[in-house]
>>> print(open('upload.cif').read())   # mmCIF, C-alpha atoms and all ligand atoms
data_query
#
loop_
_atom_site.group_PDB
_atom_site.id
_atom_site.type_symbol
_atom_site.label_atom_id
_atom_site.label_comp_id
_atom_site.auth_asym_id
_atom_site.auth_seq_id
_atom_site.Cartn_x
_atom_site.Cartn_y
_atom_site.Cartn_z
ATOM 1 C CA LEU A 20 -12.858 -12.505 76.972
ATOM 2 C CA ALA A 21 -12.126 -15.998 75.701
ATOM 3 C CA VAL A 22 -9.040 -15.875 73.517
ATOM 4 C CA ARG A 23 -7.443 -18.833 71.801
ATOM 5 C CA VAL A 24 -5.084 -19.560 68.972
ATOM 6 C CA ARG A 25 -6.054 -22.367 66.643
ATOM 7 C CA THR A 26 -5.345 -23.809 63.238
ATOM 8 C CA TYR A 27 -7.038 -22.170 60.268
ATOM 9 C CA ARG A 28 -10.123 -23.963 58.941
ATOM 10 C CA ASN A 29 -11.914 -23.672 55.617
ATOM 11 C CA GLN A 30 -14.814 -21.863 57.305
ATOM 12 C CA ASP A 31 -12.400 -19.027 58.160
ATOM 13 C CA LEU A 32 -11.810 -18.214 54.515
ATOM 14 C CA GLU A 33 -14.085 -15.209 54.292
ATOM 15 C CA ARG A 34 -13.008 -13.606 57.549
ATOM 16 C CA VAL A 35 -9.309 -14.193 56.940
ATOM 17 C CA THR A 36 -9.657 -12.736 53.456
ATOM 18 C CA GLU A 37 -11.128 -9.625 55.077
ATOM 19 C CA LEU A 38 -8.266 -9.382 57.551
ATOM 20 C CA ILE A 39 -5.632 -9.767 54.868
ATOM 21 C CA CYS A 40 -7.278 -7.254 52.555
ATOM 22 C CA GLU A 41 -7.621 -4.690 55.301
ATOM 23 C CA ALA A 42 -4.062 -5.105 56.566
ATOM 24 C CA PHE A 43 -2.177 -5.488 53.304
ATOM 25 C CA ARG A 44 -4.590 -4.283 50.592
ATOM 26 C CA PRO A 45 -3.029 -6.618 48.111
ATOM 27 C CA ARG A 46 -5.734 -7.327 45.537
ATOM 28 C CA PRO A 47 -9.543 -7.428 45.348
ATOM 29 C CA LYS A 48 -11.146 -9.669 47.971
ATOM 30 C CA ARG A 49 -12.400 -12.239 45.527
ATOM 31 C CA VAL A 50 -8.893 -12.662 44.086
ATOM 32 C CA VAL A 51 -7.398 -13.103 47.545
ATOM 33 C CA ALA A 52 -10.126 -15.566 48.501
ATOM 34 C CA ARG A 53 -9.494 -17.562 45.379
ATOM 35 C CA LEU A 54 -5.758 -17.615 46.053
ATOM 36 C CA LEU A 55 -6.279 -18.777 49.603
ATOM 37 C CA LYS A 56 -8.804 -21.389 48.627
ATOM 38 C CA GLY A 57 -7.420 -23.062 45.590
ATOM 39 C CA GLY A 58 -4.149 -21.417 44.737
ATOM 40 C CA GLY A 59 -2.030 -23.474 47.065
ATOM 41 C CA ALA A 60 -1.074 -20.290 48.921
ATOM 42 C CA TRP A 61 -1.022 -22.207 52.178
ATOM 43 C CA ASP A 62 0.475 -25.464 50.998
ATOM 44 C CA GLY A 63 3.258 -26.551 53.277
ATOM 45 C CA CYS A 64 2.443 -23.806 55.790
ATOM 46 C CA ASP A 65 0.889 -23.757 59.210
ATOM 47 C CA PRO A 66 -1.845 -21.131 59.073
ATOM 48 C CA LEU A 67 -3.135 -20.093 62.499
ATOM 49 C CA VAL A 68 -5.807 -17.698 63.643
ATOM 50 C CA VAL A 69 -6.559 -15.966 66.920
ATOM 51 C CA GLU A 70 -10.150 -16.179 68.015
ATOM 52 C CA ALA A 71 -11.599 -13.774 70.600
ATOM 53 C CA ASP A 72 -15.077 -14.588 71.843
ATOM 54 C CA GLY A 73 -15.651 -16.774 68.821
ATOM 55 C CA GLN A 74 -14.550 -14.178 66.296
ATOM 56 C CA VAL A 75 -11.370 -14.457 64.270
ATOM 57 C CA VAL A 76 -9.321 -11.326 64.999
ATOM 58 C CA SER A 77 -5.799 -12.158 63.786
ATOM 59 C CA SER A 78 -4.219 -14.474 61.301
ATOM 60 C CA GLY A 79 -0.771 -15.457 60.139
ATOM 61 C CA ARG A 80 1.205 -18.468 59.080
ATOM 62 C CA ALA A 81 4.392 -20.339 59.740
ATOM 63 C CA ILE A 82 6.295 -21.037 56.550
ATOM 64 C CA TYR A 83 9.242 -23.326 55.942
ATOM 65 C CA PRO A 84 11.571 -21.739 53.424
ATOM 66 C CA LEU A 85 14.790 -23.192 52.192
ATOM 67 C CA LEU A 86 17.454 -20.633 52.938
ATOM 68 C CA MET A 87 20.425 -20.904 50.611
ATOM 69 C CA VAL A 88 23.735 -20.135 52.274
ATOM 70 C CA ASP A 89 26.796 -20.512 50.160
ATOM 71 C CA GLY A 90 25.249 -23.245 48.093
ATOM 72 C CA TYR A 91 23.761 -25.155 51.006
ATOM 73 C CA GLY A 92 20.065 -25.244 51.750
ATOM 74 C CA TRP A 93 18.976 -24.725 55.336
ATOM 75 C CA ARG A 94 15.381 -25.558 56.146
ATOM 76 C CA CYS A 95 14.167 -22.951 58.585
ATOM 77 C CA GLY A 96 10.979 -21.601 60.025
ATOM 78 C CA GLY A 97 9.470 -18.303 58.979
ATOM 79 C CA VAL A 98 6.592 -16.012 59.850
ATOM 80 C CA ALA A 99 4.354 -14.478 57.209
ATOM 81 C CA GLY A 100 1.124 -12.583 56.812
ATOM 82 C CA VAL A 101 0.642 -11.552 60.444
ATOM 83 C CA CYS A 102 -2.332 -9.216 60.776
ATOM 84 C CA THR A 103 -4.973 -8.132 63.251
ATOM 85 C CA ALA A 104 -8.320 -6.529 62.413
ATOM 86 C CA SER A 105 -7.918 -2.783 63.004
ATOM 87 C CA GLU A 106 -10.567 -2.556 65.706
ATOM 88 C CA HIS A 107 -8.814 -5.287 67.699
ATOM 89 C CA ARG A 108 -5.259 -4.022 67.586
ATOM 90 C CA GLY A 109 -3.136 -3.251 70.650
ATOM 91 C CA ARG A 110 -4.513 -6.122 72.689
ATOM 92 C CA GLY A 111 -1.641 -8.525 72.283
ATOM 93 C CA TYR A 112 -3.280 -10.747 69.667
ATOM 94 C CA ALA A 113 -0.455 -10.571 67.163
ATOM 95 C CA THR A 114 1.999 -11.273 69.961
ATOM 96 C CA ARG A 115 0.085 -14.394 70.943
ATOM 97 C CA LEU A 116 -0.150 -15.460 67.355
ATOM 98 C CA VAL A 117 3.579 -15.127 66.683
ATOM 99 C CA LYS A 118 4.364 -17.065 69.875
ATOM 100 C CA ALA A 119 2.086 -19.855 68.689
ATOM 101 C CA LEU A 120 3.711 -19.796 65.257
ATOM 102 C CA GLN A 121 7.105 -20.122 66.916
ATOM 103 C CA ALA A 122 5.903 -23.096 68.936
ATOM 104 C CA ARG A 123 4.617 -24.707 65.752
ATOM 105 C CA MET A 124 7.959 -24.195 64.022
ATOM 106 C CA VAL A 125 9.769 -25.778 66.944
ATOM 107 C CA GLU A 126 7.409 -28.775 66.790
ATOM 108 C CA ARG A 127 8.338 -29.147 63.143
ATOM 109 C CA GLY A 128 12.005 -29.219 63.993
ATOM 110 C CA ALA A 129 13.020 -25.726 62.899
ATOM 111 C CA THR A 130 16.114 -24.588 64.766
ATOM 112 C CA PHE A 131 15.930 -20.981 63.666
ATOM 113 C CA SER A 132 13.442 -18.632 62.132
ATOM 114 C CA ILE A 133 13.458 -15.688 59.761
ATOM 115 C CA LEU A 134 10.958 -13.081 58.656
ATOM 116 C CA PHE A 135 10.800 -9.953 56.589
ATOM 117 C CA THR A 136 9.165 -6.809 57.782
ATOM 118 C CA GLU A 137 9.488 -3.076 57.314
ATOM 119 C CA LEU A 138 11.626 -1.167 59.793
ATOM 120 C CA ASP A 139 8.774 1.185 60.681
ATOM 121 C CA SER A 140 6.090 -1.502 60.784
ATOM 122 C CA PRO A 141 4.064 -1.713 63.994
ATOM 123 C CA ALA A 142 4.961 -5.392 63.917
ATOM 124 C CA HIS A 143 8.689 -4.670 64.202
ATOM 125 C CA PRO A 144 8.792 -4.202 68.003
ATOM 126 C CA ILE A 145 6.632 -7.296 68.472
ATOM 127 C CA TYR A 146 9.134 -9.424 66.577
ATOM 128 C CA GLY A 147 12.026 -7.857 68.466
ATOM 129 C CA ARG A 148 10.463 -8.785 71.789
ATOM 130 C CA LEU A 149 9.941 -12.319 70.622
ATOM 131 C CA GLY A 150 13.593 -12.846 69.862
ATOM 132 C CA TYR A 151 14.043 -11.759 66.257
ATOM 133 C CA PHE A 152 17.218 -9.872 65.606
ATOM 134 C CA ASP A 153 17.164 -6.946 63.226
ATOM 135 C CA ILE A 154 20.047 -7.371 60.804
ATOM 136 C CA ALA A 155 19.331 -4.118 58.971
ATOM 137 C CA ARG A 156 20.055 -1.901 61.957
ATOM 138 C CA ASN A 157 22.636 -4.057 63.676
ATOM 139 C CA PRO A 158 25.805 -4.519 61.699
ATOM 140 C CA VAL A 159 26.383 -7.891 63.266
ATOM 141 C CA HIS A 160 26.249 -11.075 61.313
ATOM 142 C CA VAL A 161 25.117 -14.361 62.638
ATOM 143 C CA TRP A 162 27.892 -16.812 62.105
ATOM 144 C CA VAL A 163 26.613 -20.242 61.383
ATOM 145 C CA VAL A 164 29.897 -22.014 61.367
ATOM 146 C CA ASP A 165 29.825 -25.652 60.616
ATOM 147 C CA PRO A 166 33.520 -26.422 60.233
ATOM 148 C CA GLU A 167 32.998 -29.786 58.526
ATOM 149 C CA ARG A 168 30.899 -28.254 55.786
ATOM 150 C CA LEU A 169 33.080 -25.240 55.597
ATOM 151 C CA ILE A 170 36.170 -27.245 54.849
ATOM 152 C CA GLU A 171 34.306 -29.516 52.442
ATOM 153 C CA ARG A 172 33.165 -26.424 50.640
ATOM 154 C CA TRP A 173 36.641 -24.980 50.669
ATOM 155 C CA VAL A 174 38.009 -28.054 48.944
ATOM 156 C CA TRP A 175 35.073 -28.325 46.557
ATOM 157 C CA ARG A 176 35.479 -24.724 45.536
ATOM 158 C CA ARG A 177 39.148 -25.117 44.783
ATOM 159 C CA ASN A 178 38.443 -28.153 42.653
ATOM 160 C CA GLN A 179 35.750 -26.284 40.760
ATOM 161 C CA HIS A 180 38.138 -23.438 40.051
ATOM 162 C CA LEU A 181 40.808 -25.865 38.954
ATOM 163 C CA ARG A 182 38.392 -27.355 36.492
ATOM 164 C CA TYR A 183 37.353 -24.085 34.955
ATOM 165 C CA GLU A 184 40.329 -21.772 35.390
ATOM 166 C CA ARG A 185 43.486 -22.104 33.413
ATOM 167 C CA ARG A 186 45.784 -20.038 35.648
ATOM 168 C CA PRO A 187 45.670 -22.055 38.862
ATOM 169 C CA ARG A 188 45.639 -25.271 36.879
ATOM 170 C CA GLU A 189 48.858 -24.312 35.147
ATOM 171 C CA ALA A 190 50.428 -22.911 38.284
ATOM 172 C CA LEU A 191 49.783 -26.131 40.167
ATOM 173 C CA LYS A 192 50.652 -28.499 37.356
ATOM 174 C CA GLY A 193 52.812 -31.313 38.666
ATOM 175 C CA TRP A 194 52.596 -29.960 42.218
ATOM 176 C CA ARG A 195 51.895 -32.948 44.462
ATOM 177 C CA ARG A 196 51.814 -32.207 48.135
ATOM 178 C CA THR A 197 50.219 -33.235 51.364
ATOM 179 C CA LEU A 198 48.799 -30.396 53.449
ATOM 180 C CA LYS A 199 48.036 -30.627 57.081
ATOM 181 C CA LEU A 200 45.715 -27.897 58.307
ATOM 182 C CA GLN A 201 45.765 -27.679 62.082
ATOM 183 C CA PHE A 202 42.862 -25.770 63.508
ATOM 184 C CA ARG A 203 43.218 -24.656 67.088
ATOM 185 C CA GLY A 204 40.154 -25.620 69.061
ATOM 186 C CA TRP A 205 38.891 -27.978 66.392
ATOM 187 C CA ARG A 206 40.905 -30.683 64.613
ATOM 188 C CA ASP A 207 43.497 -31.394 61.940
ATOM 189 C CA VAL A 208 42.475 -31.742 58.336
ATOM 190 C CA TRP A 209 44.682 -33.659 55.961
ATOM 191 C CA LEU A 210 44.571 -32.941 52.259
ATOM 192 C CA ARG A 211 46.461 -34.343 49.323
ATOM 193 C CA PHE A 212 46.899 -32.339 46.174
ATOM 194 C CA THR A 213 47.280 -34.762 43.293
ATOM 195 C CA GLY A 214 48.324 -32.390 40.537
ATOM 196 C CA ARG A 215 44.738 -31.773 39.428
ATOM 197 C CA ARG A 216 42.648 -31.664 42.523
ATOM 198 C CA PHE A 217 42.534 -31.622 46.297
ATOM 199 C CA LYS A 218 41.367 -34.707 48.143
ATOM 200 C CA PHE A 219 40.795 -35.450 51.773
ATOM 201 C CA THR A 220 43.258 -37.990 53.009
ATOM 202 C CA SER A 221 43.616 -39.916 56.230
ATOM 203 C CA PRO A 222 45.809 -38.426 58.932
ATOM 204 C CA GLY A 223 49.256 -39.790 59.480
ATOM 205 C CA GLY A 224 52.738 -39.727 58.057
ATOM 206 C CA SER A 225 54.344 -36.430 57.297
ATOM 207 C CA ALA A 226 52.985 -33.483 55.398
ATOM 208 C CA GLU A 227 55.186 -31.256 53.256
ATOM 209 C CA ILE A 228 53.073 -28.281 54.237
ATOM 210 C CA GLU A 229 51.650 -27.531 57.646
ATOM 211 C CA VAL A 230 49.321 -24.672 58.359
ATOM 212 C CA ALA A 231 48.439 -23.847 61.950
ATOM 213 C CA THR A 232 45.606 -21.424 62.521
ATOM 214 C CA ASP A 233 42.155 -21.019 64.011
ATOM 215 C CA LEU A 234 38.838 -21.127 62.181
ATOM 216 C CA GLU A 235 38.193 -17.430 62.499
ATOM 217 C CA THR A 236 41.495 -16.491 60.909
ATOM 218 C CA PHE A 237 40.987 -19.109 58.229
ATOM 219 C CA LEU A 238 37.629 -17.571 57.357
ATOM 220 C CA LYS A 239 39.182 -14.143 57.112
ATOM 221 C CA VAL A 240 42.072 -14.995 54.881
ATOM 222 C CA THR A 241 40.537 -17.492 52.496
ATOM 223 C CA ASP A 242 37.564 -17.096 50.212
ATOM 224 C CA LEU A 243 35.012 -18.558 52.604
ATOM 225 C CA PRO A 244 32.356 -18.410 53.864
ATOM 226 C CA GLN A 245 31.310 -14.872 53.114
ATOM 227 C CA TYR A 246 29.672 -15.633 49.840
ATOM 228 C CA ILE A 247 29.750 -11.929 49.141
ATOM 229 C CA ARG A 248 33.507 -12.007 48.944
ATOM 230 C CA VAL A 249 34.531 -14.189 46.098
ATOM 231 C CA VAL A 250 38.264 -14.153 46.515
ATOM 232 C CA GLY A 251 40.370 -14.206 49.621
ATOM 233 C CA ASP A 252 42.029 -11.242 51.213
ATOM 234 C CA ARG A 253 45.762 -11.205 50.784
ATOM 235 C CA TRP A 254 46.126 -8.279 53.203
ATOM 236 C CA ALA A 255 44.276 -10.204 55.863
ATOM 237 C CA TYR A 256 46.603 -13.084 55.092
ATOM 238 C CA GLU A 257 49.715 -11.004 55.595
ATOM 239 C CA ALA A 258 48.389 -9.508 58.825
ATOM 240 C CA ALA A 259 47.512 -12.959 60.164
ATOM 241 C CA VAL A 260 51.007 -14.235 59.372
ATOM 242 C CA SER A 261 52.752 -11.273 60.974
ATOM 243 C CA GLU A 262 50.530 -11.484 64.069
ATOM 244 C CA GLY A 263 51.158 -15.212 64.428
ATOM 245 C CA ARG A 264 47.533 -16.237 63.917
ATOM 246 C CA LEU A 265 48.536 -18.126 60.809
ATOM 247 C CA ALA A 266 51.732 -20.150 60.848
ATOM 248 C CA ILE A 267 53.035 -21.905 57.759
ATOM 249 C CA ARG A 268 55.701 -24.555 57.733
ATOM 250 C CA CYS A 269 57.019 -25.512 54.329
ATOM 251 C CA SER A 270 60.104 -25.070 52.210
ATOM 252 C CA PRO A 271 60.772 -21.334 51.765
ATOM 253 C CA GLU A 272 60.437 -21.428 47.987
ATOM 254 C CA GLU A 273 56.897 -22.765 48.372
ATOM 255 C CA LEU A 274 55.637 -20.010 50.624
ATOM 256 C CA ASP A 275 54.143 -18.065 47.754
ATOM 257 C CA THR A 276 52.371 -21.092 46.283
ATOM 258 C CA VAL A 277 50.932 -21.918 49.690
ATOM 259 C CA ARG A 278 49.657 -18.384 50.065
ATOM 260 C CA ARG A 279 48.038 -18.560 46.630
ATOM 261 C CA VAL A 280 46.388 -21.872 47.441
ATOM 262 C CA LEU A 281 44.989 -20.529 50.707
ATOM 263 C CA VAL A 282 43.861 -17.154 49.436
ATOM 264 C CA TRP A 283 43.183 -18.422 45.929
ATOM 265 C CA ASP A 284 44.963 -15.570 44.275
ATOM 266 C CA TRP A 285 46.281 -16.332 40.809
ATOM 267 C CA VAL A 286 46.539 -12.935 39.187
HETATM 268 C C1 LIG B 1 1.221 -5.312 63.205
HETATM 269 C C2 LIG B 1 -0.073 -5.876 63.726
HETATM 270 C C3 LIG B 1 -0.205 -7.293 63.222
HETATM 271 C C4 LIG B 1 -0.057 -5.849 65.247
HETATM 272 O O1 LIG B 1 -1.208 -6.518 65.736
HETATM 273 P P1 LIG B 1 -1.698 -6.381 67.252
HETATM 274 O O2 LIG B 1 -2.610 -7.494 67.489
HETATM 275 O O3 LIG B 1 -2.150 -5.016 67.466
HETATM 276 O O4 LIG B 1 -0.316 -6.598 68.031
HETATM 277 P P2 LIG B 1 -0.087 -6.670 69.583
HETATM 278 O O5 LIG B 1 -1.311 -6.211 70.278
HETATM 279 O O6 LIG B 1 0.451 -7.985 69.909
HETATM 280 O O7 LIG B 1 1.049 -5.621 69.763
HETATM 281 C C5 LIG B 1 0.862 -4.307 69.304
HETATM 282 C C6 LIG B 1 1.123 -3.325 70.404
HETATM 283 O O8 LIG B 1 0.115 -3.408 71.362
HETATM 284 C C7 LIG B 1 0.707 -3.553 72.653
HETATM 285 N N1 LIG B 1 -0.130 -4.402 73.491
HETATM 286 C C8 LIG B 1 -0.037 -5.715 73.677
HETATM 287 N N2 LIG B 1 -0.983 -6.115 74.536
HETATM 288 C C9 LIG B 1 -1.674 -5.009 74.881
HETATM 289 C C10 LIG B 1 -2.777 -4.782 75.728
HETATM 290 N N3 LIG B 1 -3.342 -5.785 76.429
HETATM 291 N N4 LIG B 1 -3.243 -3.539 75.826
HETATM 292 C C11 LIG B 1 -2.680 -2.525 75.152
HETATM 293 N N5 LIG B 1 -1.639 -2.693 74.346
HETATM 294 C C12 LIG B 1 -1.141 -3.920 74.212
HETATM 295 C C13 LIG B 1 1.988 -4.201 72.380
HETATM 296 O O9 LIG B 1 2.902 -3.955 73.437
HETATM 297 C C14 LIG B 1 2.392 -3.526 71.139
HETATM 298 O O10 LIG B 1 2.883 -2.275 71.434
HETATM 299 P P3 LIG B 1 4.232 -1.719 70.828
HETATM 300 O O11 LIG B 1 4.685 -2.699 69.813
HETATM 301 O O12 LIG B 1 3.826 -0.424 70.213
HETATM 302 O O13 LIG B 1 5.158 -1.573 71.963
HETATM 303 C C15 LIG B 1 -1.287 -5.031 63.247
HETATM 304 O O14 LIG B 1 -1.020 -3.699 63.560
HETATM 305 C C16 LIG B 1 -1.545 -5.164 61.773
HETATM 306 O O15 LIG B 1 -2.292 -6.021 61.333
HETATM 307 N N6 LIG B 1 -0.936 -4.273 60.961
HETATM 308 C C17 LIG B 1 -1.061 -4.309 59.498
HETATM 309 C C18 LIG B 1 -0.398 -5.520 58.891
HETATM 310 C C19 LIG B 1 1.059 -5.604 59.195
HETATM 311 O O16 LIG B 1 1.798 -4.653 59.095
HETATM 312 N N7 LIG B 1 1.522 -6.828 59.517
HETATM 313 C C20 LIG B 1 2.884 -7.122 59.796
HETATM 314 C C21 LIG B 1 3.477 -7.737 58.600
HETATM 315 S S1 LIG B 1 5.140 -8.235 58.868
#
>>> encode(input="upload.cif", output="structure tokens", more="lines below")
Ligand SMILES: CC(C)(COP(=O)(O)OP(=O)(O)OC[C@H]1O[C@@H](n2cnc3c(N)ncnc32)[C@H](O)[C@@H]1OP(=O)(O)O)[C@@H](O)C(=O)NCCC(=O)NCCS
Amino acid sequence: LAVRVRTYRNQDLERVTELICEAFRPRPKRVVARLLKGGGAWDGCDPLVVEADGQVVSSGRAIYPLLMVDGYGWRCGGVAGVCTASEHRGRGYATRLVKALQARMVERGATFSILFTELDSPAHPIYGRLGYFDIARNPVHVWVVDPERLIERWVWRRNQHLRYERRPREALKGWRRTLKLQFRGWRDVWLRFTGRRFKFTSPGGSAEIEVATDLETFLKVTDLPQYIRVVGDRWAYEAAVSEGRLAIRCSPEELDTVRRVLVWDWV
């Protein structure tokens, strides 16, 4: 049996429409065909088919969605519309197809890939074997930590709040301080608070406030990057201080202000 994976061609329209309609039953065939042909359904995608002895038996496409994470767009690869004609299932065609889609995504520079599927779909184990991680059943999150962006975001967010929220603005009125954030295993970040906003400043000199911690603790106590959690966790802050994961050096009367700045708690 001669099996190969190749790029979709216009001549495949009818057969691929059949496959899609059988597998997903989305809409009448002519509607699907029209969508595939002229509707731009495959613009910016890599549609592939599997051909067995000259007949198209599977189809699917690599897509390139923009995944928004905490305000940043990440271009990634994705898999969509994988299907095999019912009489040809169980012969590894979908597996081959997804492998080829992955190779295509890598060629296009994708560094990671996502897809959506149902937990009880026959496709689920195929994806699992090919390296996809099921985030519905595994309460583990993938940490994409880019410290530079994280800290940029941290500063940006504070400045946004200062612009739109009266409480922190009033609380920090006239407060002009240099903060040195020392991250174990990464680097020092120097910030200057000018009375209205935080700015990055060049290292050197002395800082009125020094915070020594590690990135993981920082993530836990402040309001980043879990975009689900909007404000920081003051309990996590207190635990981190008492366990020595977060050390603050400043004048004692400023300790509370420093905590508020880090956790962003102004109630
Ligand atoms: C899901 C779907 C695409 C799988 O297509 P397929 O070509 O049968 O997939 P594969 O052959 O690669 O894998 C299917 C099973 O056959 C097995 N298989 C692979 N090669 C085989 C072979 N040579 N002989 C027998 N079985 C084989 C695989 O191990 C897999 O088994 P398991 O997952 O139960 O452990 C197909 O069932 C389908 O079109 N379903 C409807 C549409 C759908 O749900 N699509 C997924 C959308 S996300």
>>> resolve_selection(input="upload.cif", expression="the PyMOL selection byres (((not hetatm)) within 6 of (chain B and resi 1))", output="list in words")
Ala42, Phe43, Gly100, Val101, Cys102, Thr103, Arg108, Gly109, Arg110, Gly111, Tyr112, Ala113, Thr114, Thr136, Ser140, Pro141, Ala142, Pro144 and Ile145 of chain A
>>> resolve_selection(input="upload.cif", expression="the PyMOL selection byres (((chain A and resi 261-267) around 9) and not hetatm)", output="ChimeraX atom specification")
/A:228-233,236-237,256-260,268-269,274,277
>>> resolve_selection(input="upload.cif", expression="the PyMOL selection byres (((chain A and resi 117) around 12) and not hetatm)", output="PyMOL selection string")
chain A and resi 24+65-69+77-81+96-103+111-116+118-124+132+134+142-143+145-151
>>> closest_residue(input="upload.cif", among="A:Ala129, A:Ala190, A:Ala155, A:Ile82", to="A:Asp284", atoms="all atoms listed in the file")
A:Ala190
>>> residues_around(input="upload.cif", residues="A:Asp31", least_positions_apart="3", cutoff="12 Å", atoms="only C-alpha atoms", output="ChimeraX atom specification")
/A:25-28,34-39,52,55-56,66-70,73-78
>>> atom_distance(input="upload.cif", atom1="atom CA of A:Leu238", atom2="atom CA of A:Trp205")
13.8 Å
>>> closest_residue(input="upload.cif", among="A:Glu41, A:Trp61, A:Leu281, A:Phe219", to="A:Asn29", atoms="all atoms listed in the file")
A:Trp61
>>> closest_residue(input="upload.cif", among="A:Asp72, A:Arg44, A:Glu184, A:Ile154", to="A:His107", atoms="all atoms listed in the file")
A:Asp72
>>> closest_residue(input="upload.cif", among="A:Trp283, A:Leu198, A:Arg215, A:Cys95", to="A:Arg182", atoms="all atoms listed in the file")
A:Arg215
>>> closest_residue(input="upload.cif", among="A:Ile170, A:Leu210, A:Leu181, A:Leu32", to="A:Trp285", atoms="only C-alpha atoms")
A:Leu181
>>> closest_residue(input="upload.cif", among="A:Leu138, A:Val286, A:Val240, A:Val280", to="A:Arg185", atoms="all atoms listed in the file")
A:Val286
>>> atom_distance(input="upload.cif", atom1="atom CA of A:Gly214", atom2="atom CA of A:Arg195")
5.3 Å
>>> atom_distance(input="upload.cif", atom1="atom CA of A:Arg23", atom2="atom CA of A:Glu106")
17.7 Å
>>> build_atoms(input="upload.cif", residues="stretch 117-122 of chain A", atoms="all heavy atoms", output="JSON list (two decimals), in the coordinates of the input")
[["chain", "number", "residue", "atom", "x", "y", "z"],
["A", 117, "VAL", "N", 2.18, -14.85, 67.07],
["A", 117, "VAL", "CA", 3.58, -15.13, 66.68],
["A", 117, "VAL", "C", 4.20, -16.15, 67.64],
["A", 117, "VAL", "O", 4.93, -17.05, 67.21],
["A", 117, "VAL", "CB", 4.42, -13.83, 66.60],
["A", 117, "VAL", "CG1", 5.88, -14.14, 66.29],
["A", 117, "VAL", "CG2", 3.85, -12.89, 65.53],
["A", 118, "LYS", "N", 3.86, -16.06, 68.92],
["A", 118, "LYS", "CA", 4.36, -17.07, 69.88],
["A", 118, "LYS", "C", 3.90, -18.46, 69.47],
["A", 118, "LYS", "O", 4.66, -19.42, 69.52],
["A", 118, "LYS", "CB", 3.86, -16.76, 71.29],
["A", 118, "LYS", "CG", 4.66, -15.71, 72.00],
["A", 118, "LYS", "CD", 4.19, -15.62, 73.45],
["A", 118, "LYS", "CE", 4.84, -14.45, 74.16],
["A", 118, "LYS", "NZ", 4.19, -14.14, 75.43],
["A", 119, "ALA", "N", 2.63, -18.55, 69.09],
["A", 119, "ALA", "CA", 2.09, -19.86, 68.69],
["A", 119, "ALA", "C", 2.75, -20.35, 67.40],
["A", 119, "ALA", "O", 3.02, -21.54, 67.25],
["A", 119, "ALA", "CB", 0.57, -19.76, 68.51],
["A", 120, "LEU", "N", 3.03, -19.42, 66.50],
["A", 120, "LEU", "CA", 3.71, -19.80, 65.26],
["A", 120, "LEU", "C", 5.11, -20.33, 65.57],
["A", 120, "LEU", "O", 5.56, -21.31, 64.99],
["A", 120, "LEU", "CB", 3.80, -18.60, 64.29],
["A", 120, "LEU", "CG", 2.47, -18.10, 63.72],
["A", 120, "LEU", "CD1", 2.67, -16.78, 62.97],
["A", 120, "LEU", "CD2", 1.83, -19.12, 62.79],
["A", 121, "GLN", "N", 5.76, -19.67, 66.53],
["A", 121, "GLN", "CA", 7.10, -20.12, 66.92],
["A", 121, "GLN", "C", 7.05, -21.53, 67.50],
["A", 121, "GLN", "O", 7.88, -22.37, 67.19],
["A", 121, "GLN", "CB", 7.73, -19.15, 67.92],
["A", 121, "GLN", "CG", 8.11, -17.82, 67.29],
["A", 121, "GLN", "CD", 8.71, -16.85, 68.29],
["A", 121, "GLN", "OE1", 8.28, -16.77, 69.44],
["A", 121, "GLN", "NE2", 9.71, -16.09, 67.85],
["A", 122, "ALA", "N", 6.03, -21.76, 68.33],
["A", 122, "ALA", "CA", 5.90, -23.10, 68.94],
["A", 122, "ALA", "C", 5.68, -24.14, 67.84],
["A", 122, "ALA", "O", 6.25, -25.24, 67.88],
["A", 122, "ALA", "CB", 4.74, -23.11, 69.93]]
